[in-house]
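Chemist: start.csv is the file, holding CSV, C-alpha atoms and all ligand atoms:
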```csv
chain,number,residue,atom,x,y,z
A,1,MET,CA,18.1,-9.4,-20.6
A,2,TRP,CA,16.7,-8.3,-17.3
A,3,TYR,CA,18.1,-7.2,-13.9
A,4,PHE,CA,17.5,-8.1,-10.3
A,5,ARG,CA,18.6,-5.1,-8.3
A,6,SER,CA,19.3,-5.2,-4.6
A,7,PRO,CA,21.2,-3.2,-2.0
A,8,GLU,CA,23.6,-5.0,0.2
A,9,ILE,CA,21.3,-6.3,2.9
A,10,VAL,CA,22.4,-6.6,6.5
A,11,PHE,CA,19.8,-8.2,8.7
A,12,GLY,CA,19.1,-9.9,12.0
A,13,GLU,CA,20.0,-9.1,15.6
A,14,ASP,CA,22.6,-6.4,16.0
A,15,ALA,CA,22.5,-5.5,12.3
A,16,LEU,CA,23.0,-1.9,13.3
A,17,GLU,CA,26.6,-2.7,14.3
A,18,HIS,CA,27.4,-2.8,10.6
A,19,LEU,CA,27.4,1.0,10.8
A,20,GLU,CA,30.6,0.7,12.9
A,21,THR,CA,32.4,-0.7,9.8
A,22,LEU,CA,31.7,2.3,7.5
A,23,LYS,CA,34.6,4.2,6.0
A,24,GLY,CA,34.2,7.9,5.7
A,25,GLN,CA,34.0,11.2,7.5
A,26,ARG,CA,30.5,12.5,7.7
A,27,ALA,CA,27.1,10.9,7.7
A,28,PHE,CA,23.8,12.8,7.4
A,29,ILE,CA,20.7,11.2,8.8
A,30,VAL,CA,17.3,12.0,7.2
A,31,THR,CA,14.5,11.1,9.6
A,32,ASP,CA,11.4,12.4,11.4
A,33,ALA,CA,10.6,13.8,14.8
A,34,VAL,CA,9.2,10.5,16.2
A,35,MET,CA,12.5,8.7,15.5
A,36,LEU,CA,14.3,11.5,17.3
A,37,GLN,CA,12.0,11.1,20.3
A,38,LEU,CA,12.3,7.3,20.4
A,39,GLY,CA,16.1,7.8,20.7
A,40,PHE,CA,16.8,6.1,17.4
A,41,VAL,CA,18.9,9.0,16.0
A,42,GLU,CA,21.1,8.8,19.1
A,43,LEU,CA,21.4,5.0,18.7
A,44,ILE,CA,22.5,5.4,15.0
A,45,GLY,CA,24.9,8.2,16.1
A,46,TYR,CA,26.4,5.9,18.7
A,47,HIS,CA,27.4,3.4,16.1
A,48,LEU,CA,28.6,6.1,13.7
A,49,ARG,CA,30.8,7.6,16.3
A,50,LYS,CA,32.4,4.1,16.8
A,51,ALA,CA,33.3,4.2,13.1
A,52,GLY,CA,34.9,7.6,13.6
A,53,LEU,CA,32.1,9.4,11.6
A,54,GLU,CA,30.8,12.8,12.4
A,55,TYR,CA,27.1,13.1,11.9
A,56,ARG,CA,24.2,15.5,11.6
A,57,PHE,CA,20.5,14.9,11.2
A,58,PHE,CA,17.4,16.4,9.6
A,59,ALA,CA,14.4,15.2,11.6
A,60,GLU,CA,11.7,17.2,9.9
A,61,VAL,CA,10.4,14.7,7.3
A,62,ALA,CA,6.6,14.7,7.6
A,63,GLN,CA,4.3,11.9,6.7
A,64,GLU,CA,3.7,11.9,2.9
A,65,PRO,CA,6.7,14.3,2.2
A,66,THR,CA,6.2,16.9,-0.4
A,67,LEU,CA,8.7,18.3,-2.9
A,68,GLY,CA,8.9,21.5,-0.9
A,69,ALA,CA,9.7,19.7,2.3
A,70,VAL,CA,12.5,17.7,0.6
A,71,GLN,CA,14.0,21.0,-0.8
A,72,ALA,CA,13.9,22.4,2.7
A,73,GLY,CA,16.2,19.7,4.1
A,74,VAL,CA,18.7,19.8,1.2
A,75,GLU,CA,20.4,23.1,2.3
A,76,SER,CA,21.8,21.7,5.6
A,77,LEU,CA,22.8,18.5,3.7
A,78,VAL,CA,24.8,20.5,1.2
A,79,ALA,CA,26.4,22.6,3.9
A,80,PHE,CA,27.6,19.4,5.7
A,81,GLN,CA,28.9,17.7,2.6
A,82,PRO,CA,28.4,14.1,3.9
A,83,ASP,CA,29.9,11.0,2.3
A,84,TRP,CA,27.0,8.9,3.7
A,85,ILE,CA,23.3,9.7,3.7
A,86,ILE,CA,21.2,7.6,6.0
A,87,GLY,CA,17.4,7.3,5.7
A,88,LEU,CA,16.0,6.3,9.0
A,89,GLY,CA,12.2,5.7,9.5
A,90,GLY,CA,9.2,4.5,7.6
A,91,GLY,CA,8.7,4.9,3.9
A,92,SER,CA,8.4,8.7,4.1
A,93,ALA,CA,11.8,9.2,5.6
A,94,LEU,CA,13.5,6.7,3.3
A,95,ASP,CA,11.9,8.3,0.2
A,96,ALA,CA,12.8,11.8,1.4
A,97,ALA,CA,16.4,10.6,1.9
A,98,LYS,CA,16.5,9.3,-1.7
A,99,ALA,CA,15.1,12.6,-3.0
A,100,MET,CA,17.6,14.7,-1.0
A,101,TRP,CA,20.4,12.5,-2.1
A,102,ILE,CA,19.5,13.1,-5.8
A,103,LEU,CA,19.3,16.8,-5.2
A,104,TYR,CA,22.6,16.9,-3.3
A,105,GLU,CA,24.4,15.2,-6.3
A,106,ASN,CA,22.4,16.9,-9.0
A,107,PRO,CA,21.8,20.5,-7.8
A,108,GLY,CA,18.8,22.1,-9.3
A,109,PHE,CA,17.3,18.9,-10.7
A,110,ASP,CA,13.6,18.9,-11.1
A,111,LEU,CA,12.5,15.8,-9.2
A,112,THR,CA,9.1,15.6,-11.0
A,113,ASN,CA,11.2,14.6,-14.1
A,114,LEU,CA,12.7,11.6,-12.4
A,115,GLY,CA,12.0,8.4,-14.4
A,116,PRO,CA,13.7,5.1,-15.1
A,117,CYS,CA,15.6,6.6,-18.1
A,118,THR,CA,16.4,10.0,-16.6
A,119,ASP,CA,20.1,10.8,-16.7
A,120,ILE,CA,21.1,11.5,-13.1
A,121,THR,CA,24.5,10.9,-11.5
A,122,LEU,CA,24.7,9.5,-8.0
A,123,ARG,CA,27.5,8.2,-5.7
A,124,GLN,CA,30.0,10.9,-6.7
A,125,LYS,CA,29.5,12.6,-3.3
A,126,ALA,CA,27.8,10.1,-1.1
A,127,ARG,CA,26.2,6.7,-0.8
A,128,LEU,CA,22.8,5.9,0.7
A,129,ILE,CA,22.0,3.6,3.6
A,130,ALA,CA,18.4,2.8,4.3
A,131,ILE,CA,17.3,1.8,7.8
A,132,PRO,CA,13.6,1.0,8.0
A,133,THR,CA,11.9,1.3,11.4
A,134,THR,CA,8.5,0.1,10.1
A,135,SER,CA,8.0,-3.3,8.4
A,136,GLY,CA,6.1,-2.2,5.3
A,137,THR,CA,7.1,-0.1,2.3
A,138,GLY,CA,10.2,-2.0,1.3
A,139,SER,CA,11.6,1.4,0.2
A,140,GLU,CA,15.0,0.3,1.7
A,141,CYS,CA,15.5,-2.0,-1.3
A,142,THR,CA,13.6,-0.4,-4.1
A,143,TRP,CA,14.6,2.5,-6.4
A,144,ALA,CA,11.1,4.0,-6.2
A,145,LEU,CA,10.2,7.1,-4.2
A,146,VAL,CA,6.7,8.5,-3.6
A,147,LEU,CA,6.3,12.2,-3.0
A,148,THR,CA,3.1,14.1,-2.5
A,149,ASP,CA,1.8,17.0,-4.6
A,150,PRO,CA,-0.1,18.9,-1.9
A,151,VAL,CA,-1.9,21.2,-4.3
A,152,GLU,CA,-3.5,18.4,-6.3
A,153,ASN,CA,-3.7,15.9,-3.5
A,154,ARG,CA,-1.9,13.4,-5.7
A,155,LYS,CA,1.0,11.0,-5.1
A,156,LEU,CA,3.9,11.3,-7.5
A,157,GLY,CA,5.4,7.9,-8.1
A,158,LEU,CA,9.0,8.6,-9.1
A,159,GLY,CA,12.0,6.4,-9.5
A,160,SER,CA,15.3,5.7,-11.1
A,161,PRO,CA,17.5,2.5,-10.8
A,162,GLU,CA,20.3,4.8,-9.7
A,163,ALA,CA,18.4,5.7,-6.6
A,164,LEU,CA,18.6,2.2,-5.1
A,165,PRO,CA,20.1,2.4,-1.6
A,166,ASP,CA,23.6,0.9,-1.4
A,167,ILE,CA,23.0,-0.7,2.0
A,168,ALA,CA,19.8,-1.7,3.7
A,169,ILE,CA,20.0,-2.5,7.4
A,170,ILE,CA,17.2,-4.6,8.7
A,171,ASP,CA,17.5,-4.6,12.4
A,172,PRO,CA,14.6,-6.2,14.3
A,173,ILE,CA,15.0,-4.0,17.3
A,174,LEU,CA,13.7,-1.0,15.4
A,175,PRO,CA,10.1,-2.0,14.7
A,176,LEU,CA,9.5,-3.2,18.2
A,177,LYS,CA,7.8,0.0,19.2
A,178,MET,CA,5.3,0.2,16.3
A,179,PRO,CA,1.8,0.4,17.7
A,180,PRO,CA,-0.7,-2.3,16.7
A,181,ARG,CA,-2.6,-0.2,14.1
A,182,LEU,CA,0.7,0.7,12.3
A,183,THR,CA,1.8,-2.9,12.5
A,184,ALA,CA,-1.4,-4.0,10.7
A,185,ASP,CA,-1.3,-1.2,8.2
A,186,THR,CA,2.3,-1.8,7.2
A,187,GLY,CA,1.8,-5.5,7.3
A,188,PHE,CA,-0.9,-5.2,4.7
A,189,ASP,CA,1.4,-3.2,2.5
A,190,VAL,CA,3.9,-6.1,2.7
A,191,LEU,CA,1.1,-8.5,1.7
A,192,THR,CA,0.1,-6.4,-1.2
A,193,HIS,CA,3.6,-6.0,-2.4
A,194,GLY,CA,4.1,-9.8,-2.3
A,195,ILE,CA,0.9,-10.6,-4.1
A,196,GLU,CA,1.1,-7.9,-6.7
A,197,GLY,CA,4.8,-8.5,-7.2
A,198,TYR,CA,4.1,-12.2,-7.9
A,199,THR,CA,1.2,-11.5,-10.2
A,200,ALA,CA,2.2,-8.3,-12.0
A,201,SER,CA,3.2,-8.7,-15.7
A,202,LEU,CA,6.9,-8.2,-15.1
A,203,TYR,CA,7.2,-11.2,-12.7
A,204,ASN,CA,10.3,-13.3,-13.0
A,205,ASP,CA,12.0,-16.3,-11.4
A,206,PHE,CA,14.0,-14.1,-9.1
A,207,SER,CA,11.2,-11.9,-7.8
A,208,ASP,CA,8.8,-14.9,-7.5
A,209,GLY,CA,10.8,-16.6,-4.7
A,210,VAL,CA,11.1,-13.5,-2.5
A,211,CYS,CA,7.4,-12.6,-3.1
A,212,LEU,CA,6.1,-16.1,-2.1
A,213,LYS,CA,8.3,-16.1,1.1
A,214,ALA,CA,7.1,-12.7,2.1
A,215,ILE,CA,3.5,-13.6,1.6
A,216,GLN,CA,3.9,-16.7,3.7
A,217,LEU,CA,5.7,-14.8,6.5
A,218,VAL,CA,2.9,-12.2,6.6
A,219,PHE,CA,0.2,-14.8,7.0
A,220,GLU,CA,2.2,-16.6,9.7
A,221,TYR,CA,3.6,-13.7,11.7
A,222,LEU,CA,1.4,-10.6,11.2
A,223,PRO,CA,-1.3,-11.7,13.7
A,224,ARG,CA,1.4,-12.4,16.3
A,225,ALA,CA,3.2,-9.1,15.8
A,226,PHE,CA,-0.2,-7.3,15.9
A,227,LYS,CA,-1.3,-9.0,19.1
A,228,ASP,CA,2.0,-8.8,21.0
A,229,GLY,CA,4.4,-6.0,19.8
A,230,CYS,CA,7.1,-7.5,22.0
A,231,ASP,CA,7.0,-10.8,20.2
A,232,ARG,CA,10.6,-10.6,18.9
A,233,GLU,CA,10.4,-13.5,16.6
A,234,ALA,CA,7.3,-12.2,14.9
A,235,ARG,CA,8.8,-8.7,14.6
A,236,GLU,CA,11.9,-10.0,13.1
A,237,LYS,CA,10.0,-12.2,10.6
A,238,MET,CA,7.8,-9.2,9.6
A,239,HIS,CA,10.8,-7.0,9.2
A,240,ASN,CA,12.4,-9.5,6.9
A,241,ALA,CA,9.1,-10.0,5.0
A,242,ALA,CA,8.9,-6.3,4.3
A,243,THR,CA,12.3,-6.2,2.7
A,244,LEU,CA,11.7,-9.5,0.8
A,245,ALA,CA,8.4,-8.1,-0.6
A,246,GLY,CA,10.2,-4.9,-1.5
A,247,LEU,CA,12.8,-6.8,-3.4
A,248,GLY,CA,10.0,-8.7,-5.1
A,249,PHE,CA,7.8,-6.0,-6.3
A,250,GLY,CA,10.8,-3.7,-6.8
A,251,ASN,CA,12.1,-6.1,-9.4
A,252,SER,CA,8.7,-6.9,-11.0
A,253,MET,CA,6.1,-4.3,-10.2
A,254,ALA,CA,3.1,-3.3,-8.2
A,255,ALA,CA,-0.3,-3.2,-9.9
A,256,LEU,CA,-4.0,-2.2,-9.6
A,257,ALA,CA,-4.4,-2.3,-5.8
A,258,HIS,CA,-1.5,0.2,-5.6
A,259,SER,CA,-3.0,2.6,-8.2
A,260,LEU,CA,-6.4,2.5,-6.4
A,261,GLY,CA,-4.8,2.8,-3.0
A,262,HIS,CA,-2.6,5.7,-4.0
A,263,SER,CA,-5.5,7.6,-5.4
A,264,PHE,CA,-7.8,6.8,-2.5
A,265,GLY,CA,-5.2,7.4,0.1
A,266,ALA,CA,-4.1,10.8,-1.2
A,267,ILE,CA,-7.6,12.2,-1.4
A,268,PHE,CA,-9.0,10.7,1.9
A,269,HIS,CA,-5.7,10.6,3.8
A,270,VAL,CA,-5.8,6.9,4.5
A,271,PRO,CA,-2.4,5.3,5.4
A,272,HIS,CA,-0.8,3.6,2.4
A,273,GLY,CA,-0.9,0.0,3.6
A,274,ARG,CA,-4.5,0.3,4.8
A,275,ALA,CA,-5.6,1.7,1.5
A,276,VAL,CA,-3.8,-0.8,-0.8
A,277,GLY,CA,-4.7,-3.7,1.4
A,278,LEU,CA,-8.4,-2.7,1.3
A,279,PHE,CA,-8.4,-2.9,-2.5
A,280,LEU,CA,-6.4,-6.1,-2.8
A,281,PRO,CA,-9.2,-8.6,-2.6
A,282,TYR,CA,-11.3,-6.6,-5.1
A,283,THR,CA,-8.5,-6.4,-7.6
A,284,ILE,CA,-7.8,-10.1,-7.3
A,285,GLN,CA,-11.4,-10.8,-8.1
A,286,PHE,CA,-11.3,-8.4,-11.0
A,287,MET,CA,-8.1,-9.9,-12.4
A,288,ALA,CA,-9.4,-13.5,-11.9
A,289,ARG,CA,-12.4,-12.7,-14.1
A,290,GLY,CA,-10.2,-11.3,-16.9
A,291,PRO,CA,-9.3,-12.9,-20.2
A,292,LEU,CA,-5.6,-13.6,-19.3
A,293,PRO,CA,-4.4,-16.4,-17.0
A,294,THR,CA,-3.5,-15.3,-13.5
A,295,ARG,CA,-1.2,-16.7,-10.9
A,296,PHE,CA,-3.2,-16.3,-7.7
A,297,HIS,CA,-3.9,-20.0,-7.5
A,298,GLU,CA,-0.1,-20.6,-7.3
A,299,ILE,CA,0.0,-18.4,-4.2
A,300,SER,CA,-2.9,-20.4,-2.7
A,301,ARG,CA,-1.1,-23.6,-3.5
A,302,PHE,CA,2.1,-22.4,-1.9
A,303,LEU,CA,0.1,-21.3,1.2
A,304,GLY,CA,-1.6,-24.6,1.4
A,305,LEU,CA,-5.0,-23.1,0.9
A,306,GLY,CA,-6.1,-25.7,-1.6
A,307,ALA,CA,-5.7,-24.2,-5.1
A,308,GLY,CA,-7.5,-26.5,-7.5
A,309,ALA,CA,-8.5,-24.7,-10.6
A,310,PRO,CA,-7.3,-21.1,-11.0
A,311,ALA,CA,-10.7,-19.6,-10.2
A,312,ALA,CA,-10.9,-21.6,-6.9
A,313,GLY,CA,-7.4,-20.6,-6.1
A,314,ALA,CA,-8.2,-16.9,-6.4
A,315,ILE,CA,-11.3,-17.3,-4.3
A,316,ASN,CA,-9.4,-19.1,-1.6
A,317,LEU,CA,-6.7,-16.4,-1.5
A,318,VAL,CA,-9.3,-13.6,-1.2
A,319,LYS,CA,-11.0,-15.5,1.6
A,320,ALA,CA,-7.6,-15.9,3.4
A,321,ILE,CA,-6.8,-12.2,3.0
A,322,ARG,CA,-10.1,-11.2,4.4
A,323,GLU,CA,-9.7,-13.5,7.4
A,324,LEU,CA,-6.2,-12.0,8.0
A,325,ALA,CA,-7.6,-8.5,7.7
A,326,THR,CA,-10.3,-9.2,10.2
A,327,ALA,CA,-7.8,-10.8,12.6
A,328,VAL,CA,-5.8,-7.6,12.7
A,329,GLY,CA,-8.7,-5.1,12.5
A,330,GLN,CA,-8.2,-3.9,8.9
A,331,PRO,CA,-11.2,-2.5,7.1
A,332,LEU,CA,-12.8,-4.7,4.4
A,333,THR,CA,-14.7,-1.8,2.7
A,334,ILE,CA,-14.3,1.9,2.1
A,335,ARG,CA,-17.2,2.5,4.4
A,336,GLU,CA,-15.4,0.8,7.2
A,337,ALA,CA,-12.2,2.7,6.4
A,338,ILE,CA,-13.6,6.2,6.4
A,339,ASP,CA,-16.7,7.9,7.6
A,340,ILE,CA,-18.2,9.1,4.4
A,341,SER,CA,-21.8,9.1,3.0
A,342,PRO,CA,-22.5,7.5,-0.4
A,343,GLU,CA,-23.3,10.9,-1.8
A,344,VAL,CA,-20.0,12.4,-0.9
A,345,PHE,CA,-18.1,9.3,-2.1
A,346,GLU,CA,-20.0,9.4,-5.4
A,347,ALA,CA,-19.0,13.0,-5.9
A,348,ALA,CA,-15.4,12.1,-5.5
A,349,LEU,CA,-15.5,9.1,-7.8
A,350,ASP,CA,-14.5,10.8,-11.1
A,351,ARG,CA,-11.4,12.3,-9.5
A,352,LEU,CA,-10.5,9.0,-7.7
A,353,ALA,CA,-10.8,7.1,-11.0
A,354,ALA,CA,-8.9,9.6,-13.0
A,355,ASN,CA,-6.0,9.7,-10.5
A,356,ALA,CA,-5.9,5.9,-10.4
A,357,GLU,CA,-5.9,5.7,-14.2
A,358,ALA,CA,-3.0,8.1,-14.3
A,359,ASP,CA,-0.9,6.0,-12.0
A,360,SER,CA,1.5,4.0,-14.1
A,361,VAL,CA,1.4,0.8,-12.1
A,362,ILE,CA,-2.2,0.3,-13.3
A,363,ALA,CA,-0.8,-1.1,-16.5
A,364,MET,CA,1.1,-3.9,-14.8
A,365,GLY,CA,-1.7,-6.2,-13.8
A,366,SER,CA,-3.0,-9.0,-16.0
A,367,ARG,CA,-6.1,-7.0,-16.7
A,368,ILE,CA,-6.2,-3.2,-17.2
A,369,PRO,CA,-9.5,-1.6,-16.2
A,370,THR,CA,-11.2,1.1,-18.2
A,371,ALA,CA,-12.1,4.4,-16.5
A,372,GLU,CA,-15.6,3.1,-16.1
A,373,GLU,CA,-14.4,-0.2,-14.6
A,374,ILE,CA,-12.2,1.7,-12.1
A,375,ALA,CA,-15.2,3.7,-10.9
A,376,ARG,CA,-17.2,0.5,-10.6
A,377,LEU,CA,-14.4,-1.2,-8.6
A,378,LEU,CA,-14.2,1.8,-6.3
A,379,TRP,CA,-18.0,1.7,-5.8
A,380,TYR,CA,-17.9,-2.1,-5.1
A,381,ALA,CA,-15.1,-1.5,-2.6
A,382,TYR,CA,-17.2,1.2,-0.9
A,383,GLU,CA,-20.2,-1.1,-0.5
A,384,GLY,CA,-18.2,-4.3,0.0
A,385,LYS,CA,-19.7,-6.1,-3.0
A,386,GLU,CA,-18.1,-9.1,-4.7
A,387,VAL,CA,-16.7,-8.1,-8.1
A,388,ASP,CA,-18.9,-9.7,-10.7
A,389,PHE,CA,-17.6,-8.1,-13.9
B,401,ZN,ZN,2.9,-0.3,-1.1
```
I'd like the structure from this file rewritten - as structure tokens, please.
Ligand SMILES: [Zn+2]

Modeler:
Amino acid sequence: MWYFRSPEIVFGEDALEHLETLKGQRAFIVTDAVMLQLGFVELIGYHLRKAGLEYRFFAEVAQEPTLGAVQAGVESLVAFQPDWIIGLGGGSALDAAKAMWILYENPGFDLTNLGPCTDITLRQKARLIAIPTTSGTGSECTWALVLTDPVENRKLGLGSPEALPDIAIIDPILPLKMPPRLTADTGFDVLTHGIEGYTASLYNDFSDGVCLKAIQLVFEYLPRAFKDGCDREAREKMHNAATLAGLGFGNSMAALAHSLGHSFGAIFHVPHGRAVGLFLPYTIQFMARGPLPTRFHEISRFLGLGAGAPAAGAINLVKAIRELATAVGQPLTIREAIDISPEVFEAALDRLAANAEADSVIAMGSRIPTAEEIARLLWYAYEGKEVDF
């Protein structure tokens, strides 16, 4: 027995109007300062007022929210006693909203203990709406949340099926203002979710469909959204792709590119999508050389890249990913991503490898690297070498 979990998804033009149909008294918006500046909090508030809801907001979610930052917002949330919590923003805001929701309903709970089998109760006080303003993390439709441990410079991948948002609103007007760099970074997160979701060991018929569609949409529309942020069709397709890929990997799993990306991104402060996207080609090469069959050639076939034998399919997919990365200015190597000497990088290798190995998604690929292989992969990604082991 298995489950495919999804929030109710409201998408397309004017999707935000769904807020006007909410029943309740009070809504609490969890967001960041940029959303406030862009007028998005006001826009959400406009629709909430039409539903007769009073609202307040907490606009202090930082990039890579920490446990402490989440705690700081909970006090005003508890004082307001909302029946709706609305996460508004990129992955950081949506994850912070999930964390604050858990703490609101389970006072004193230690979030570091949150796991798939943790006994927490939600929906007794409030339900969660996720409104993404970037087209990337898919957090609006997954039960995962990533918080940062600032002392150890480490990402904490947490989650519970209970923490799945009740409603995800995918309104294409919201990502229109993303700058090109953010568009490319988040777009590569979507691509990585789609490819890892399709090839991770928990893949299934339900996640396969949404993963393939998401991958196809990224190849077709990311260059357009990157080139012209006002291309509404491309923005809408990328916004949908992000949610589709989120549904995909949220119901199968992410894998090695995410464990390497989490580790690398946390230590060198590289945005999530840029980090995982950088490692994606190397991890495909690594998996394709492993003893177990892989499914990369099926993706190539679906994209019309000419699949042939599995090995050729993986090679063609890597080539296509690199061409896409180049088209939207994404780095192909660590050296391109950060300004760092070989000596300094080598000094960080042990820590990078240890953190990647400790990241649970590493076990979800078709080939699980040893600590030594992780370090080698990182080194190859630094230099831009083709993986040959
Ligand atoms: Zn991701």

Chemist: Quick one: distance from CA of Leu19 (chain A) to CA of Ala62 (chain A) in Å, one decimal?

Modeler: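 If I compute the distance from CA of Leu19 (chain A) to CA of Ala62 (chain A), I get 25.1 Å.
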
Chemist: Between A:Leu182, A:Leu292, A:Leu191, A:Leu317, which one has atoms that come closest to Gly277 (chain A), using only C-alpha atoms?

Modeler: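 Smallest separation from Gly277 (chain A) among the options: A:Leu191.
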
Chemist: Please, which residues have at least one atom within 9 Å of an atom of ligand ZN 401 (chain B), using only C-alpha atoms and all ligand atoms, listed as a list of chain:residue names?

Modeler: A:Gly136, A:Thr137, A:Gly138, A:Ser139, A:Thr186, A:Phe188, A:Asp189, A:Val190, A:Leu191, A:Thr192, A:His193, A:Gly246, A:Ala254, A:Ala257, A:His258, A:Gly261, A:His262, A:His272, A:Gly273, A:Val276, A:Gly277

Chemist: Which residue out of A:Ala358, A:Trp379, A:Val328, A:Ala309 has the minimum interatomic distance to Val344 (chain A) when all atoms listed in the file are used?

Modeler: A:Trp379

Chemist: Between A:Ala356, A:Ala314, A:Ala184, A:Leu324, which is the closest to Arg274 (chain A) once you count only C-alpha atoms?

Modeler: A:Ala184

Chemist: Work out how far CA of Ala97 (chain A) is from CA of Leu77 (chain A), in Å to one decimal.

Modeler: 10.3 Å

Chemist: My list of candidates is A:Ala307, A:Met1, A:Leu174, A:Ile120. Which is closest to Leu16 (chain A) when distances are computed with all atoms listed in the file?

Modeler: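 Among A:Ala307, A:Met1, A:Leu174, A:Ile120, it is A:Leu174 that comes nearest to Leu16 (chain A).
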
Chemist: So how many Å separate CA of Ile85 (chain A) and CA of Arg127 (chain A), to one decimal?

Modeler: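 Taking CA of Ile85 (chain A) and CA of Arg127 (chain A), their separation equals 6.1 Å.
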
Chemist: Up to 9 Å from (33.1, 3.1, 15.6) in the file's coordinates: name the residues, counting only C-alpha atoms, as a list in words.

Modeler: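 Protein, DNA and RNA residues close to (33.1, 3.1, 15.6): Glu17, Leu19, Glu20, Thr21, Leu22, Tyr46, His47, Leu48, Arg49, Lys50, Ala51, Gly52 and Leu53 of chain A.
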
Chemist: Using the selection just defined, write its residues with C-alpha atoms as a compact mmCIF listing (two decimals), in the frame of the given file.

Modeler:
```txt
# COMPACT_ATOMS: atom_id res chain seq x y z
CA GLU A 17 26.60 -2.70 14.30
CA LEU A 19 27.40 1.00 10.80
CA GLU A 20 30.60 0.70 12.90
CA THR A 21 32.40 -0.70 9.80
CA LEU A 22 31.70 2.30 7.50
CA TYR A 46 26.40 5.90 18.70
CA HIS A 47 27.40 3.40 16.10
CA LEU A 48 28.60 6.10 13.70
CA ARG A 49 30.80 7.60 16.30
CA LYS A 50 32.40 4.10 16.80
CA ALA A 51 33.30 4.20 13.10
CA GLY A 52 34.90 7.60 13.60
CA LEU A 53 32.10 9.40 11.60
```

Chemist: Show which residues sit within 12 Å of Tyr380 (chain A), as JSON, numbers by chain. Count only C-alpha atoms, and ignore same-chain residues fewer than 2 positions away.

Modeler: {"A": [278, 279, 281, 282, 283, 285, 286, 332, 333, 334, 335, 342, 345, 346, 349, 373, 374, 375, 376, 377, 378, 382, 383, 384, 385, 386, 387, 388, 389]}

Chemist: Between A:Leu36, A:Leu280, A:Ala275, A:Val30, which is the closest to Gly91 (chain A) once you count only C-alpha atoms?

Modeler: A:Val30

Chemist: Using only C-alpha atoms, which of A:Pro161, A:Gly187, A:Pro223, A:Pro132 sits nearest Ala327 (chain A)?

Modeler: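 Nearest candidate to Ala327 (chain A) out of A:Pro161, A:Gly187, A:Pro223, A:Pro132: A:Pro223.
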
Chemist: Excluding Glu13 (chain A) and its own-chain neighbours fewer than 5 positions away, which residues fall within 10 Å of it when counting all atoms listed in the file? Please give them as a list in words.

Modeler: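 Here the qualifying residues turn out to be Ile170, Asp171, Pro172, Ile173 and Glu236 of chain A.
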